[in-house]
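Colleague: Got query26.cif for you, mmCIF, C-alpha atoms:
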```cif
data_data
#
loop_
_atom_site.label_atom_id
_atom_site.label_comp_id
_atom_site.auth_asym_id
_atom_site.auth_seq_id
_atom_site.Cartn_x
_atom_site.Cartn_y
_atom_site.Cartn_z
CA MET A 22 61.59 227.68 32.00
CA LEU A 23 64.68 226.20 33.61
CA SER A 24 66.18 223.44 31.45
CA SER A 25 67.94 221.66 34.31
CA PRO A 26 66.78 222.77 37.77
CA ALA A 27 68.43 221.21 40.80
CA VAL A 28 65.10 220.52 42.53
CA SER A 29 61.60 219.70 41.34
CA ILE A 30 58.61 220.31 43.64
CA VAL A 31 55.72 217.97 42.82
CA VAL A 32 52.23 218.84 44.07
CA PRO A 33 49.37 216.41 43.37
CA VAL A 34 45.96 218.15 43.37
CA ARG A 35 42.34 217.43 42.67
CA ASN A 36 39.75 220.18 43.00
CA GLU A 37 41.96 222.55 45.01
CA ALA A 38 41.36 225.78 43.05
CA ASP A 39 41.27 228.08 46.09
CA ASN A 40 44.46 226.60 47.54
CA ILE A 41 46.64 226.98 44.41
CA ALA A 42 47.86 230.59 44.58
CA PRO A 43 48.55 230.79 48.35
CA LEU A 44 50.55 227.54 48.32
CA ILE A 45 52.66 228.60 45.33
CA GLU A 46 53.47 231.88 47.11
CA GLU A 47 54.67 229.91 50.13
CA ILE A 48 56.76 227.52 48.02
CA THR A 49 58.53 230.40 46.30
CA ALA A 50 59.11 232.19 49.62
CA ALA A 51 60.75 229.04 50.99
CA LEU A 52 62.97 228.26 47.98
CA ASP A 53 63.80 231.49 46.13
CA GLY A 54 67.50 232.21 46.27
CA ARG A 55 68.40 228.77 47.64
CA TRP A 56 68.01 226.42 44.67
CA ASP A 57 67.17 226.55 40.99
CA TYR A 58 63.82 224.81 41.08
CA GLU A 59 60.63 224.06 39.21
CA ILE A 60 57.11 223.51 40.54
CA ILE A 61 55.09 220.73 38.90
CA TYR A 62 51.39 220.62 39.71
CA VAL A 63 49.76 217.35 38.73
CA ASN A 64 46.10 218.12 38.13
CA ASP A 65 44.50 214.76 38.91
CA GLY A 66 41.29 215.05 36.88
CA SER A 67 39.97 218.18 38.63
CA THR A 68 36.44 219.30 37.76
CA ASP A 69 36.67 222.74 39.36
CA ALA A 70 38.75 225.76 38.34
CA THR A 71 42.09 224.20 39.37
CA GLY A 72 43.33 224.00 35.76
CA GLU A 73 42.34 227.57 34.96
CA ARG A 74 43.97 228.97 38.10
CA LEU A 75 47.19 227.13 37.30
CA GLY A 76 47.07 228.29 33.69
CA ALA A 77 46.82 231.93 34.78
CA LEU A 78 49.73 231.57 37.20
CA MET A 79 51.86 229.84 34.56
CA GLN A 80 51.72 233.08 32.58
CA GLN A 81 53.45 234.80 35.52
CA ARG A 82 55.89 232.09 36.61
CA SER A 83 58.23 230.49 34.09
CA ASN A 84 59.17 227.69 36.50
CA LEU A 85 55.57 226.54 37.04
CA ARG A 86 54.34 223.51 35.07
CA GLN A 87 51.00 221.72 34.98
CA LEU A 88 50.42 218.08 34.11
CA ARG A 89 46.82 216.94 33.74
CA HIS A 90 45.27 213.52 34.14
CA ALA A 91 42.22 213.14 31.90
CA LYS A 92 40.53 211.43 34.85
CA SER A 93 41.57 210.97 38.44
CA GLY A 94 44.15 208.24 38.98
CA GLY A 95 44.75 208.83 42.69
CA GLN A 96 47.57 210.37 44.68
CA SER A 97 50.23 207.76 43.91
CA ALA A 98 49.57 208.06 40.18
CA ALA A 99 49.79 211.85 40.40
CA VAL A 100 53.09 211.72 42.32
CA ARG A 101 54.50 209.25 39.81
CA SER A 102 53.50 211.42 36.84
CA GLY A 103 55.21 214.39 38.46
CA VAL A 104 58.41 212.51 39.27
CA ARG A 105 58.67 211.07 35.77
CA ALA A 106 58.32 214.57 34.28
CA ALA A 107 60.68 216.17 36.80
CA ARG A 108 63.98 217.66 35.59
CA GLY A 109 65.61 217.95 39.02
CA LYS A 110 67.78 215.21 40.51
CA ILE A 111 66.05 215.81 43.83
CA VAL A 112 62.26 215.79 44.01
CA ALA A 113 60.22 217.12 46.92
CA THR A 114 56.50 216.51 47.34
CA LEU A 115 53.75 218.10 49.37
CA ASP A 116 49.97 217.93 49.42
CA GLY A 117 48.06 220.63 47.59
CA ASP A 118 45.51 221.39 50.32
CA GLY A 119 47.74 223.68 52.37
CA GLN A 120 48.12 221.35 55.36
CA ASN A 121 51.80 220.76 54.53
CA ASN A 122 53.83 223.91 55.24
CA PRO A 123 56.39 224.61 52.45
CA ALA A 124 58.65 226.26 55.04
CA PHE A 125 59.95 222.75 55.82
CA LEU A 126 60.98 222.02 52.22
CA PRO A 127 64.54 223.41 52.62
CA ASP A 128 65.24 221.12 55.60
CA LEU A 129 64.03 218.07 53.66
CA ILE A 130 66.00 218.92 50.53
CA ALA A 131 69.15 219.68 52.53
CA ALA A 132 68.84 216.32 54.34
CA VAL A 133 68.96 214.49 51.00
CA GLU A 134 71.86 216.61 49.74
CA LYS A 135 73.85 216.00 52.92
CA ALA A 136 74.87 212.41 52.15
CA ASP A 137 74.83 210.20 49.08
CA SER A 138 73.55 207.36 51.27
CA VAL A 139 70.28 209.19 52.00
CA GLY A 140 67.61 208.27 49.48
CA LEU A 141 64.61 209.83 51.23
CA ALA A 142 63.93 212.59 53.77
CA ALA A 143 60.49 212.05 55.28
CA GLY A 144 58.42 214.61 57.14
CA GLN A 145 57.09 213.40 60.49
CA ARG A 146 54.08 215.37 61.67
CA VAL A 147 53.84 216.87 65.13
CA GLY A 148 50.85 218.81 66.47
CA ARG A 149 48.50 217.32 63.88
CA LYS A 150 45.29 219.23 63.16
CA ASP A 151 43.19 216.20 62.20
CA THR A 152 40.22 214.96 64.23
CA GLY A 153 40.84 212.59 67.13
CA PHE A 154 39.32 209.72 65.14
CA LYS A 155 41.61 210.33 62.17
CA LYS A 156 44.65 210.53 64.46
CA LEU A 157 43.65 207.18 65.99
CA GLN A 158 43.30 205.66 62.53
CA SER A 159 46.78 206.85 61.61
CA ARG A 160 48.35 205.55 64.83
CA VAL A 161 46.83 202.12 64.33
CA ALA A 162 47.78 201.98 60.64
CA ASN A 163 51.34 203.17 61.27
CA GLY A 164 51.76 200.75 64.16
CA VAL A 165 50.64 197.75 62.11
CA ARG A 166 52.78 198.79 59.15
CA ASN A 167 55.89 199.29 61.26
CA ALA A 168 55.41 195.97 63.07
CA ILE A 169 55.28 194.11 59.75
CA LEU A 170 57.72 196.07 57.60
CA LYS A 171 60.03 197.32 60.37
CA ASP A 172 60.71 200.47 58.38
CA GLY A 173 61.44 202.57 61.51
CA THR A 174 59.00 205.30 60.44
CA ARG A 175 56.26 206.55 62.74
CA ASP A 176 54.35 208.55 60.10
CA THR A 177 54.28 207.61 56.42
CA GLY A 178 51.15 209.64 55.68
CA CYS A 179 52.85 213.04 55.63
CA GLY A 180 52.97 214.46 52.12
CA LEU A 181 56.18 216.41 52.81
CA LYS A 182 59.02 214.29 51.45
CA ALA A 183 62.21 214.76 49.45
CA PHE A 184 64.05 212.02 47.59
CA ARG A 185 66.46 211.29 44.80
CA ARG A 186 64.53 210.98 41.55
CA GLU A 187 66.60 208.00 40.40
CA VAL A 188 65.84 206.14 43.63
CA PHE A 189 62.09 206.67 43.25
CA LEU A 190 62.20 205.37 39.68
CA MET A 191 63.98 202.19 40.84
CA MET A 192 60.94 201.14 42.84
CA PRO A 193 58.04 199.02 41.57
CA TYR A 194 54.97 201.17 40.94
CA PHE A 195 51.58 200.38 42.47
CA ASP A 196 48.63 202.39 43.75
CA GLY A 197 49.53 203.41 47.29
CA LEU A 198 53.27 203.52 46.66
CA HIS A 199 53.65 206.94 48.30
CA ARG A 200 52.60 205.47 51.68
CA PHE A 201 55.36 202.82 51.62
CA LEU A 202 58.32 204.91 50.44
CA PRO A 203 60.48 204.45 53.57
CA ALA A 204 60.29 200.64 53.43
CA LEU A 205 60.91 200.54 49.69
CA VAL A 206 63.78 203.05 49.80
CA ARG A 207 65.44 200.93 52.50
CA ARG A 208 64.86 197.90 50.24
CA GLU A 209 67.04 199.60 47.63
CA GLY A 210 69.85 200.03 50.19
CA PHE A 211 69.44 203.73 51.01
CA ASP A 212 69.11 205.48 54.36
CA ILE A 213 66.14 207.55 55.52
CA ALA A 214 66.41 210.98 57.15
CA TYR A 215 63.55 212.30 59.27
CA VAL A 216 62.44 215.90 59.71
CA ASP A 217 59.77 216.95 62.22
CA VAL A 218 57.17 219.15 60.54
CA ILE A 219 54.20 221.02 61.95
CA ASP A 220 50.83 220.16 60.48
CA ARG A 221 48.16 222.82 59.99
CA PRO A 222 44.48 222.90 59.02
CA ARG A 223 43.35 222.67 55.40
CA ARG A 224 42.72 226.15 53.98
CA SER A 225 39.54 225.34 52.06
CA GLY A 226 37.67 222.50 50.41
CA VAL A 227 37.43 218.88 51.55
CA SER A 228 39.75 215.89 51.45
CA ASN A 229 39.83 214.11 48.10
CA TYR A 230 41.61 210.97 49.24
CA GLY A 231 39.56 209.54 52.11
CA PHE A 232 40.31 206.96 54.78
CA PHE A 233 38.00 204.24 53.47
CA ASP A 234 39.48 204.67 49.98
CA ARG A 235 42.82 203.67 51.51
CA LEU A 236 41.97 201.19 54.25
CA TRP A 237 41.10 197.97 52.49
CA ILE A 238 43.50 198.47 49.58
CA GLY A 239 46.20 199.39 52.11
CA ILE A 240 45.92 196.02 53.82
CA MET A 241 46.61 194.25 50.54
CA ASP A 242 49.43 196.68 49.70
CA LEU A 243 51.03 195.96 53.07
CA ALA A 244 51.13 192.25 52.28
CA GLY A 245 52.55 192.99 48.83
CA VAL A 246 55.33 195.27 50.14
CA TRP A 247 56.24 192.69 52.80
CA TRP A 248 56.60 190.11 50.00
CA LEU A 249 58.73 192.48 47.90
CA ILE A 250 61.10 193.11 50.80
CA ARG A 251 61.50 189.40 51.54
CA ARG A 252 62.17 188.64 47.87
CA LYS A 253 64.82 191.33 47.44
CA LYS A 254 68.22 189.98 46.40
CA PRO A 255 71.51 191.88 46.53
CA THR A 256 72.17 193.82 43.34
CA PRO A 257 75.27 192.35 41.67
CA GLU A 258 78.24 194.64 41.18
CA VAL A 259 78.63 194.96 37.42
CA THR A 260 81.76 195.86 35.48
CA GLU A 261 82.22 195.82 31.73
CA VAL A 262 85.09 193.72 30.45
CA LYS A 263 86.98 195.54 27.70
CA ALA A 264 88.51 193.67 24.79
#
```
What does this structure look like when you write it as structure tokens?

Modeller:
Amino acid sequence: MLSSPAVSIVVPVRNEADNIAPLIEEITAALDGRWDYEIIYVNDGSTDATGERLGALMQQRSNLRQLRHAKSGGQSAAVRSGVRAARGKIVATLDGDGQNNPAFLPDLIAAVEKADSVGLAAGQRVGRKDTGFKKLQSRVANGVRNAILKDGTRDTGCGLKAFRREVFLMMPYFDGLHRFLPALVRREGFDIAYVDVIDRPRRSGVSNYGFFDRLWIGIMDLAGVWWLIRRKKPTPEVTEVKA
């Protein structure tokens, strides 16, 4: 296992056994030879064979790690667990259902590396494979969020992101954090880079984090993030006075 990889790939999963091996193959194809990296799967209380499939693959791949939640804590909790355990200074995330194509990971990572001012590179989906109703839901939600937070982001729901680990850990944690990263990264004084990514259908299984699980809580989260942004004060410049 790498003691200090440059990049950590965090993949939150719950009951995605059949999607594990193909996605890991794609991640390695995208990153091998470009960065020293580790892959951290956060098994969010799966009740299928997800843990066993990961365990078997860990015997073959020294840079593959598995964290397990005793019971499901949700996507934000899984991302946070992965980031806290990450060894890389840059962390990239993607969903574990196969809809996010790992081929876009290098562009996201490179966008963060390009300038110290960039705290987050966010994937922006084009050609989405969701149903018309789900696309409408996303457009409405993103429009309302952007009108209130003015974060300049048309799609916060894409799981493909890359960011500086230290910047993520600066932010207040709450359930739903991963959907407000652009606004909160800007709150900390960093720029956002955007990368167009092509969505694709889920390989197998069903969605574990549904719309109605997010809707009502998301409205309250939106109000909370708006309050956090308004209450932000400039961080004082600190120097130590020597005797």

Colleague: Using the chain letters and numbers from the file, which residues does the PyMOL selection byres ((chain A and resi 128) around 12) grab, as an mmCIF file with C-alpha atoms, in the frame of the given file?

Modeller:
```
data_model
loop_
_atom_site.group_PDB
_atom_site.id
_atom_site.type_symbol
_atom_site.label_atom_id
_atom_site.label_comp_id
_atom_site.auth_asym_id
_atom_site.auth_seq_id
_atom_site.Cartn_x
_atom_site.Cartn_y
_atom_site.Cartn_z
ATOM 1 C CA ALA A 51 60.750 229.040 50.990
ATOM 2 C CA LEU A 52 62.970 228.260 47.980
ATOM 3 C CA ARG A 55 68.400 228.770 47.640
ATOM 4 C CA ALA A 113 60.220 217.120 46.920
ATOM 5 C CA ASN A 122 53.830 223.910 55.240
ATOM 6 C CA PRO A 123 56.390 224.610 52.450
ATOM 7 C CA ALA A 124 58.650 226.260 55.040
ATOM 8 C CA PHE A 125 59.950 222.750 55.820
ATOM 9 C CA LEU A 126 60.980 222.020 52.220
ATOM 10 C CA PRO A 127 64.540 223.410 52.620
ATOM 11 C CA LEU A 129 64.030 218.070 53.660
ATOM 12 C CA ILE A 130 66.000 218.920 50.530
ATOM 13 C CA ALA A 131 69.150 219.680 52.530
ATOM 14 C CA ALA A 132 68.840 216.320 54.340
ATOM 15 C CA VAL A 133 68.960 214.490 51.000
ATOM 16 C CA GLU A 134 71.860 216.610 49.740
ATOM 17 C CA LYS A 135 73.850 216.000 52.920
ATOM 18 C CA ALA A 142 63.930 212.590 53.770
ATOM 19 C CA ALA A 143 60.490 212.050 55.280
ATOM 20 C CA GLY A 144 58.420 214.610 57.140
ATOM 21 C CA LEU A 181 56.180 216.410 52.810
ATOM 22 C CA LYS A 182 59.020 214.290 51.450
ATOM 23 C CA ALA A 183 62.210 214.760 49.450
ATOM 24 C CA ALA A 214 66.410 210.980 57.150
ATOM 25 C CA TYR A 215 63.550 212.300 59.270
ATOM 26 C CA VAL A 216 62.440 215.900 59.710
ATOM 27 C CA ASP A 217 59.770 216.950 62.220
ATOM 28 C CA VAL A 218 57.170 219.150 60.540
#
```

Colleague: May I ask which of the residues A:Glu46, A:Glu209, A:Asp39, A:Glu187 is the closest one to A:Arg105, counting only C-alpha atoms?

Modeller: A:Glu187

Colleague: Running the PyMOL selection byres ((chain A and resi 29) around 12) on this model by hand, what would come out? Give it as a ChimeraX atom specification.

Modeller: /A:23-28,30-32,48,52,56-62,84-86,100,103-115,126,130,182-186

Colleague: Please, what distance in Å, to one decimal, runs between atom CA of A:Gln120 and atom CA of A:Asp212?

Modeller: 26.3 Å

Colleague: Given the PyMOL selection byres ((chain A and resi 177) around 8) and the file above, list the residues it selects as a short mmCIF file (atom, residue, chain, number, x, y, z; two decimals) with C-alpha atoms, in the frame of the given file.

Modeller:
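selection-v2.cif written:
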```
data_model
loop_
_atom_site.label_atom_id
_atom_site.label_comp_id
_atom_site.auth_asym_id
_atom_site.auth_seq_id
_atom_site.Cartn_x
_atom_site.Cartn_y
_atom_site.Cartn_z
CA ALA A 143 60.49 212.05 55.28
CA GLN A 145 57.09 213.40 60.49
CA ASN A 163 51.34 203.17 61.27
CA THR A 174 59.00 205.30 60.44
CA ARG A 175 56.26 206.55 62.74
CA ASP A 176 54.35 208.55 60.10
CA GLY A 178 51.15 209.64 55.68
CA CYS A 179 52.85 213.04 55.63
CA ARG A 200 52.60 205.47 51.68
CA PHE A 201 55.36 202.82 51.62
CA LEU A 202 58.32 204.91 50.44
CA PRO A 203 60.48 204.45 53.57
#
```

Colleague: So how many Å separate atom CA of A:Met192 and atom CA of A:Phe211, to one decimal?

Modeller: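 The value is 12.1 Å.
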
Colleague: From the set A:Ala70, A:Ala264, A:Val188, A:Val139, which residue has the shortest atom-to-atom contact distance to A:Ile213, counting only C-alpha atoms?

Modeller: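 Under the stated criterion, the closest residue is A:Val139.
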